[in-house]
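Peer 1: Pasting work-v3.txt below, which is compact mmCIF, C-alpha atoms.
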# COMPACT_ATOMS: atom_id res chain seq x y z
CA MET X 15 113.73 137.07 25.22
CA ASP X 16 111.87 133.78 25.41
CA PRO X 17 110.70 132.54 22.02
CA PRO X 18 106.93 132.83 21.53
CA ALA X 19 104.86 129.68 21.69
CA GLU X 20 104.33 128.02 18.33
CA SER X 21 100.92 128.73 16.87
CA LEU X 22 99.15 128.38 13.54
CA VAL X 23 97.99 131.97 13.95
CA LYS X 24 100.23 134.31 12.00
CA TYR X 25 101.96 137.00 14.10
CA ASP X 26 104.15 139.98 13.22
CA HIS X 27 107.69 140.30 14.53
CA PRO X 28 107.78 141.52 18.15
CA PHE X 29 108.66 145.15 18.83
CA LEU X 30 110.00 146.90 21.90
CA VAL X 31 107.36 148.71 23.92
CA ALA X 32 109.04 149.93 27.10
CA LYS X 33 111.57 149.25 29.83
CA LYS X 34 110.69 148.70 33.47
CA THR X 35 112.32 152.00 34.35
CA ASP X 36 110.87 153.81 31.33
CA GLN X 37 107.20 153.31 30.56
CA LYS X 38 107.31 155.30 27.30
CA SER X 39 106.11 153.37 24.31
CA ASP X 40 108.64 152.73 21.58
CA LYS X 41 105.91 151.48 19.25
CA PRO X 42 106.28 152.97 15.79
CA ASN X 43 103.55 155.30 14.58
CA ALA X 44 103.45 153.96 11.03
CA ALA X 45 100.27 151.97 11.73
CA ALA X 46 98.48 155.08 13.01
CA ALA X 47 98.91 156.77 9.66
CA ASP X 48 96.70 154.23 7.93
CA SER X 49 93.26 154.40 9.59
CA PRO X 50 91.64 151.40 7.79
CA ARG X 51 94.56 149.21 8.75
CA GLN X 52 94.47 150.74 12.23
CA GLY X 53 90.78 149.75 12.47
CA SER X 54 91.62 146.16 11.49
CA ARG X 55 94.51 146.25 13.94
CA GLU X 56 92.23 147.28 16.83
CA ILE X 57 89.67 144.60 16.00
CA LEU X 58 92.32 141.91 15.62
CA ASN X 59 93.95 142.98 18.87
CA PHE X 60 90.52 142.67 20.48
CA ILE X 61 90.07 139.16 19.08
CA PHE X 62 93.69 138.11 19.60
CA PRO X 63 95.28 140.08 22.48
CA PRO X 64 98.97 140.87 21.77
CA ARG X 65 101.52 138.58 23.36
CA GLU X 66 103.95 140.18 25.81
CA LEU X 67 107.53 138.96 26.01
CA MET X 68 110.15 139.97 28.56
CA LYS X 69 113.89 140.16 27.90
CA GLY X 70 115.81 141.51 30.86
CA ASN X 71 114.04 144.72 31.81
CA LYS X 72 112.58 145.26 28.33
CA LEU X 73 108.99 144.54 27.37
CA TRP X 74 108.37 143.29 23.85
CA VAL X 75 104.95 142.94 22.26
CA GLN X 76 103.96 140.69 19.39
CA GLN X 77 100.71 141.46 17.58
CA VAL X 78 98.73 139.28 15.24
CA SER X 79 99.49 139.96 11.58
CA ILE X 80 97.16 142.17 9.52
CA ALA X 81 98.71 141.11 6.22
CA PRO X 82 95.98 140.10 3.71
CA CYS X 83 95.89 136.40 2.94
CA THR X 84 96.00 134.65 -0.41
CA ILE X 85 95.01 131.22 -1.63
CA ARG X 86 98.63 130.20 -1.15
CA ASP X 87 98.37 131.18 2.53
CA VAL X 88 95.33 128.90 2.96
CA ILE X 89 97.14 126.01 1.27
CA CYS X 90 100.20 126.58 3.48
CA LEU X 91 97.94 126.66 6.55
CA LYS X 92 96.43 123.31 5.55
CA GLU X 93 99.85 121.75 5.02
CA LEU X 94 101.18 123.20 8.28
CA LEU X 95 98.13 121.88 10.16
CA GLU X 96 98.68 118.35 8.81
CA THR X 97 102.38 118.54 9.66
CA ARG X 98 101.71 119.69 13.22
CA LEU X 99 99.10 116.95 13.66
CA GLN X 100 101.65 114.33 12.65
CA GLN X 101 104.40 115.82 14.78
CA SER X 102 102.21 115.96 17.89
CA LEU X 103 101.00 112.37 17.30
CA ALA X 104 97.39 113.58 17.46
CA MET X 105 94.76 110.88 17.38
CA GLU X 106 92.40 110.87 14.41
CA VAL X 107 89.39 109.76 16.45
CA GLY X 108 88.27 110.14 20.05
CA LEU X 109 89.17 112.88 22.50
CA CYS X 110 92.63 114.31 21.80
CA PRO X 111 93.84 117.56 23.42
CA GLN X 112 96.59 117.97 20.82
CA ARG X 113 94.18 117.68 17.89
CA ARG X 114 91.69 120.05 19.53
CA ARG X 115 94.43 122.62 20.25
CA LEU X 116 95.71 122.59 16.66
CA TYR X 117 92.26 122.78 15.09
CA SER X 118 91.42 125.63 17.46
CA GLN X 119 94.55 127.49 16.29
CA CYS X 120 93.63 126.78 12.68
CA PHE X 121 90.15 128.20 13.24
CA ASP X 122 91.67 131.28 14.89
CA GLU X 123 93.92 131.79 11.85
CA LEU X 124 90.89 131.53 9.55
CA ILE X 125 89.14 134.14 11.70
CA ARG X 126 92.20 136.39 11.36
CA GLN X 127 92.28 136.01 7.58
CA ILE X 128 88.54 136.61 7.18
CA THR X 129 88.51 139.57 9.58
CA ILE X 130 91.11 141.39 7.48
CA ASN X 131 88.90 141.11 4.38
CA CYS X 132 85.52 141.49 6.14
CA THR X 133 85.31 142.66 9.73
CA GLU X 134 81.67 141.64 10.14
CA LYS X 135 82.36 138.06 9.06
CA GLY X 136 85.33 137.91 11.41
CA LEU X 137 83.29 139.11 14.39
CA LEU X 138 80.51 136.65 13.54
CA LEU X 139 83.03 133.81 13.42
CA LEU X 140 84.36 135.03 16.76
CA ARG X 141 80.88 134.58 18.25
CA VAL X 142 80.72 131.11 16.75
CA ARG X 143 84.15 130.25 18.19
CA ASP X 144 83.23 131.55 21.65
CA ASP X 145 79.94 129.63 21.63
CA ILE X 146 81.74 126.43 20.61
CA GLN X 147 84.26 126.94 23.41
CA LYS X 148 81.45 127.52 25.94
CA THR X 149 79.64 124.41 24.73
CA PHE X 150 82.83 122.36 24.92
CA ALA X 151 83.55 123.71 28.41
CA ALA X 152 80.03 122.75 29.50
CA TYR X 153 80.44 119.24 28.08
CA GLN X 154 83.87 118.95 29.67
CA LYS X 155 82.47 120.01 33.04
CA LEU X 156 79.63 117.52 32.61
CA PHE X 157 82.13 114.79 31.69
CA GLU X 158 84.34 115.59 34.67
CA SER X 159 81.31 115.62 36.96
CA GLY X 160 80.12 112.28 35.55
CA TYR X 161 83.61 110.84 35.79
CA ALA X 162 83.94 111.97 39.41
CA PHE X 163 80.49 110.52 40.15
CA GLY X 164 81.52 107.23 38.54
CA ILE X 165 84.73 107.15 40.62
CA ARG X 166 82.77 107.81 43.82
CA LYS X 167 80.28 105.09 42.91
CA SER X 168 83.11 102.70 42.11
CA LEU X 169 84.83 103.39 45.44
CA GLN X 170 81.50 103.07 47.27
CA ALA X 171 80.83 99.79 45.46
CA GLU X 172 84.28 98.56 46.53
CA VAL X 173 83.53 99.49 50.14
CA ASP X 174 80.10 97.85 49.92
CA LYS X 175 81.72 94.77 48.40
CA LYS X 176 84.12 94.51 51.34
CA ASP X 177 81.23 95.01 53.77
CA ARG X 178 79.18 92.34 52.00
CA SER X 179 82.17 89.99 52.00
CA LYS X 180 82.55 90.48 55.76
CA THR X 181 78.81 89.98 56.26
CA ILE X 182 78.89 86.79 54.18
CA SER X 183 81.90 85.55 56.14
CA ASP X 184 80.15 86.26 59.44
CA LEU X 185 76.97 84.54 58.27
CA GLU X 186 78.92 81.51 57.04
CA GLU X 187 80.68 81.31 60.40
CA GLU X 188 77.38 81.63 62.23
CA ASN X 189 75.88 78.98 59.93
CA GLU X 190 78.72 76.58 60.78
CA GLU X 191 78.17 77.20 64.48
CA LEU X 192 74.46 76.52 64.09
CA LYS X 193 75.22 73.32 62.15
CA ASN X 194 77.51 72.16 64.96
CA GLU X 195 74.80 73.04 67.47
CA VAL X 196 72.27 71.01 65.47
CA LYS X 197 74.66 68.05 65.40
CA LYS X 198 75.08 68.28 69.16
CA MET X 199 71.32 68.49 69.69
CA ARG X 200 70.73 65.51 67.42
CA ALA X 201 73.39 63.47 69.25
CA LEU X 202 71.85 64.45 72.58
CA ASN X 203 68.38 63.57 71.30
CA GLU X 204 69.56 60.16 70.09
CA THR X 205 71.27 59.49 73.42
CA THR X 206 68.18 60.56 75.36
CA GLU X 207 65.92 58.46 73.15
CA LYS X 208 68.14 55.39 73.62
CA ARG X 209 68.14 55.95 77.37
CA ASN X 210 64.36 56.31 77.43
CA ASN X 211 63.89 53.19 75.32
CA GLU X 212 66.17 51.21 77.62
CA SER X 213 64.37 52.53 80.68
CA ARG X 214 61.00 51.68 79.10
CA ARG X 215 62.17 48.16 78.26
CA VAL X 216 63.37 47.60 81.82
CA ARG X 217 60.10 48.87 83.27
CA ASN X 218 58.08 46.70 80.90
CA LYS X 219 60.17 43.71 81.85
CA GLU X 220 59.72 44.38 85.54
CA ARG X 221 55.99 44.91 85.05
CA ASN X 222 55.67 41.66 83.12
CA GLU X 223 57.58 39.79 85.80
CA GLU X 224 55.37 41.35 88.45
CA ILE X 225 52.26 40.34 86.50
CA GLU X 226 53.54 36.78 86.14
CA LEU X 227 54.28 36.68 89.84
CA LEU X 228 50.82 37.94 90.64
CA LYS X 229 49.28 35.36 88.31
CA LYS X 230 51.19 32.56 90.06
CA SER X 231 50.20 33.92 93.45
CA ASN X 232 46.56 34.14 92.31
CA LYS X 233 46.58 30.53 91.14
CA GLN X 234 48.02 29.35 94.44
CA LEU X 235 45.36 31.27 96.34
CA GLU X 236 42.61 29.81 94.15
CA LYS X 237 44.01 26.32 94.72
CA GLN X 238 44.12 26.84 98.49
CA LEU X 239 40.62 28.22 98.43
CA LEU X 240 39.30 25.22 96.54
CA GLN X 241 41.04 22.86 98.99
CA MET X 242 39.48 24.66 101.94
CA ILE X 243 36.03 24.44 100.33
CA ALA X 244 36.50 20.77 99.53
CA ALA X 245 37.51 20.02 103.15
What's the structure tokens form of this structure?

Peer 2:
Amino acid sequence: MDPPAESLVKYDHPFLVAKKTDQKSDKPNAAAADSPRQGSREILNFIFPPRELMKGNKLWVQQVSIAPCTIRDVICLKELLETRLQQSLAMEVGLCPQRRRLYSQCFDELIRQITINCTEKGLLLLRVRDDIQKTFAAYQKLFESGYAFGIRKSLQAEVDKKDRSKTISDLEEENEELKNEVKKMRALNETTEKRNNESRRVRNKERNEEIELLKKSNKQLEKQLLQMIAA
């Protein structure tokens, strides 16, 4: 038989219920003789379902204890809780599954103790426990959803960062090409301007020489004309 899982909730010793080949219950009938205790037993079994243990082909059941608690039991529970917290290296602050598990077991044990003395208080505490668990589950689901959303956003940001890096690289490369093109155009413009200036200078020189030649020719013609008039 596998040993039951350690818990702060107090359980009775396991008893044999049946074999696989024989489904008859071997549960003793002593509890049925005491109806008040039987009522507490039924309520506690409803709150804390009995644990089933298998050994070979035999089924053993371990029920939560219905023994009344004393102040000494509460003190022992406190000391055991602190010991388990230290042994499990539970964190004192922040989210800690070990600390939450042990405090949950401690609360269950308090529910067990109170239910034995006052069923109504125990059932009310059960509602409180269930509501706390539902609230925690909702917050946990919200946290997981937010965490998953953050992971997706982080991955998307990483992809966008790579895309932006590629875009920046492409733009820088295109910018360098445009700069080289501008340099080529400026060099071509300077060359063209020099060629035009040289061509303009040559034309001006030829024009000036032509004008000087025409002036000399005009003077000679005037001189010949004056000689012809004088003759």

Peer 1: Each residue of range 87-121 of chain X with at least one atom at most 10 Å from range 23-27 of chain X should appear once, together with its nearest atom pair and the corresponding distance in Å (one decimal); atoms considered: all atoms listed in the file; ordering: chain, then increasing residue number; output as a tab-separated table.

Peer 2:
residue	atom	partner	partner_atom	distance
X:Leu91	CA	X:Val23	CA	9.1
X:Ser118	CA	X:Val23	CA	9.8
X:Gln119	CA	X:Val23	CA	6.1
X:Cys120	CA	X:Val23	CA	6.9
X:Phe121	CA	X:Val23	CA	8.7

Peer 1: Taking 2 positions as the minimum chain separation for residues in the same chain, which residues sit within 10 Å of Leu58 in chain X when counting all atoms listed in the file? Answer as a count of residues only.

Peer 2: 22

Peer 1: Looking at all atoms listed in the file, which of X:Arg114, X:Thr181, X:Leu99, X:Glu93 is the one that sits closest to Gln147 in chain X?

Peer 2: X:Arg114

Peer 1: Just the number, please: distance in Å from CA of Lys198 in chain X to CA of Asn210 in chain X, one decimal.

Peer 2: 18.1 Å

Peer 1: Considering only C-alpha atoms, can you say which of X:Cys132, X:Val196, X:Ala171, X:Leu109 comes closest to Gln154 in chain X?

Peer 2: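 Looking only at the distances to Gln154 in chain X, the closest residue turns out to be X:Leu109.
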
Peer 1: With 12 Å as the threshold, what does the neighbourhood of (84.5, 125.7, 21.7) contain in terms of residues, counting all atoms listed in the file? Coordinates are those of the file; answer as a PDB file with C-alpha atoms, keeping the file's coordinate frame.

Peer 2:
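So the final result, stored in selection10.pdb, reads:
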ATOM      1  CA  ARG X 114      91.690 120.050  19.530  1.00  0.00           C
ATOM      2  CA  ARG X 115      94.430 122.620  20.250  1.00  0.00           C
ATOM      3  CA  TYR X 117      92.260 122.780  15.090  1.00  0.00           C
ATOM      4  CA  SER X 118      91.420 125.630  17.460  1.00  0.00           C
ATOM      5  CA  GLN X 119      94.550 127.490  16.290  1.00  0.00           C
ATOM      6  CA  PHE X 121      90.150 128.200  13.240  1.00  0.00           C
ATOM      7  CA  ASP X 122      91.670 131.280  14.890  1.00  0.00           C
ATOM      8  CA  LEU X 139      83.030 133.810  13.420  1.00  0.00           C
ATOM      9  CA  LEU X 140      84.360 135.030  16.760  1.00  0.00           C
ATOM     10  CA  ARG X 141      80.880 134.580  18.250  1.00  0.00           C
ATOM     11  CA  VAL X 142      80.720 131.110  16.750  1.00  0.00           C
ATOM     12  CA  ARG X 143      84.150 130.250  18.190  1.00  0.00           C
ATOM     13  CA  ASP X 144      83.230 131.550  21.650  1.00  0.00           C
ATOM     14  CA  ASP X 145      79.940 129.630  21.630  1.00  0.00           C
ATOM     15  CA  ILE X 146      81.740 126.430  20.610  1.00  0.00           C
ATOM     16  CA  GLN X 147      84.260 126.940  23.410  1.00  0.00           C
ATOM     17  CA  LYS X 148      81.450 127.520  25.940  1.00  0.00           C
ATOM     18  CA  THR X 149      79.640 124.410  24.730  1.00  0.00           C
ATOM     19  CA  PHE X 150      82.830 122.360  24.920  1.00  0.00           C
ATOM     20  CA  ALA X 151      83.550 123.710  28.410  1.00  0.00           C
ATOM     21  CA  ALA X 152      80.030 122.750  29.500  1.00  0.00           C
ATOM     22  CA  TYR X 153      80.440 119.240  28.080  1.00  0.00           C
ATOM     23  CA  GLN X 154      83.870 118.950  29.670  1.00  0.00           C
TER      24      GLN X 154
END

Peer 1: Go ahead and compute the interatomic distance for CA of Trp74 in chain X and CA of Glu123 in chain X, in Å to one decimal.

Peer 2: 22.0 Å

Peer 1: Report the distance between CA of Leu22 in chain X and CA of Cys83 in chain X in Å, rounded to one decimal place.

Peer 2: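 These two atoms are separated by 13.7 Å.
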
Peer 1: Produce the centre coordinates and the three edge lengths, each in Å to one decimal, of the box along x, y and z that contains all listed atoms of range 150-169 of chain X with 5 Å added on each side, as JSON.

Peer 2:
{"center_x": 82.2, "center_y": 113.2, "center_z": 35.2, "size_x": 15.2, "size_y": 31.0, "size_z": 30.5}
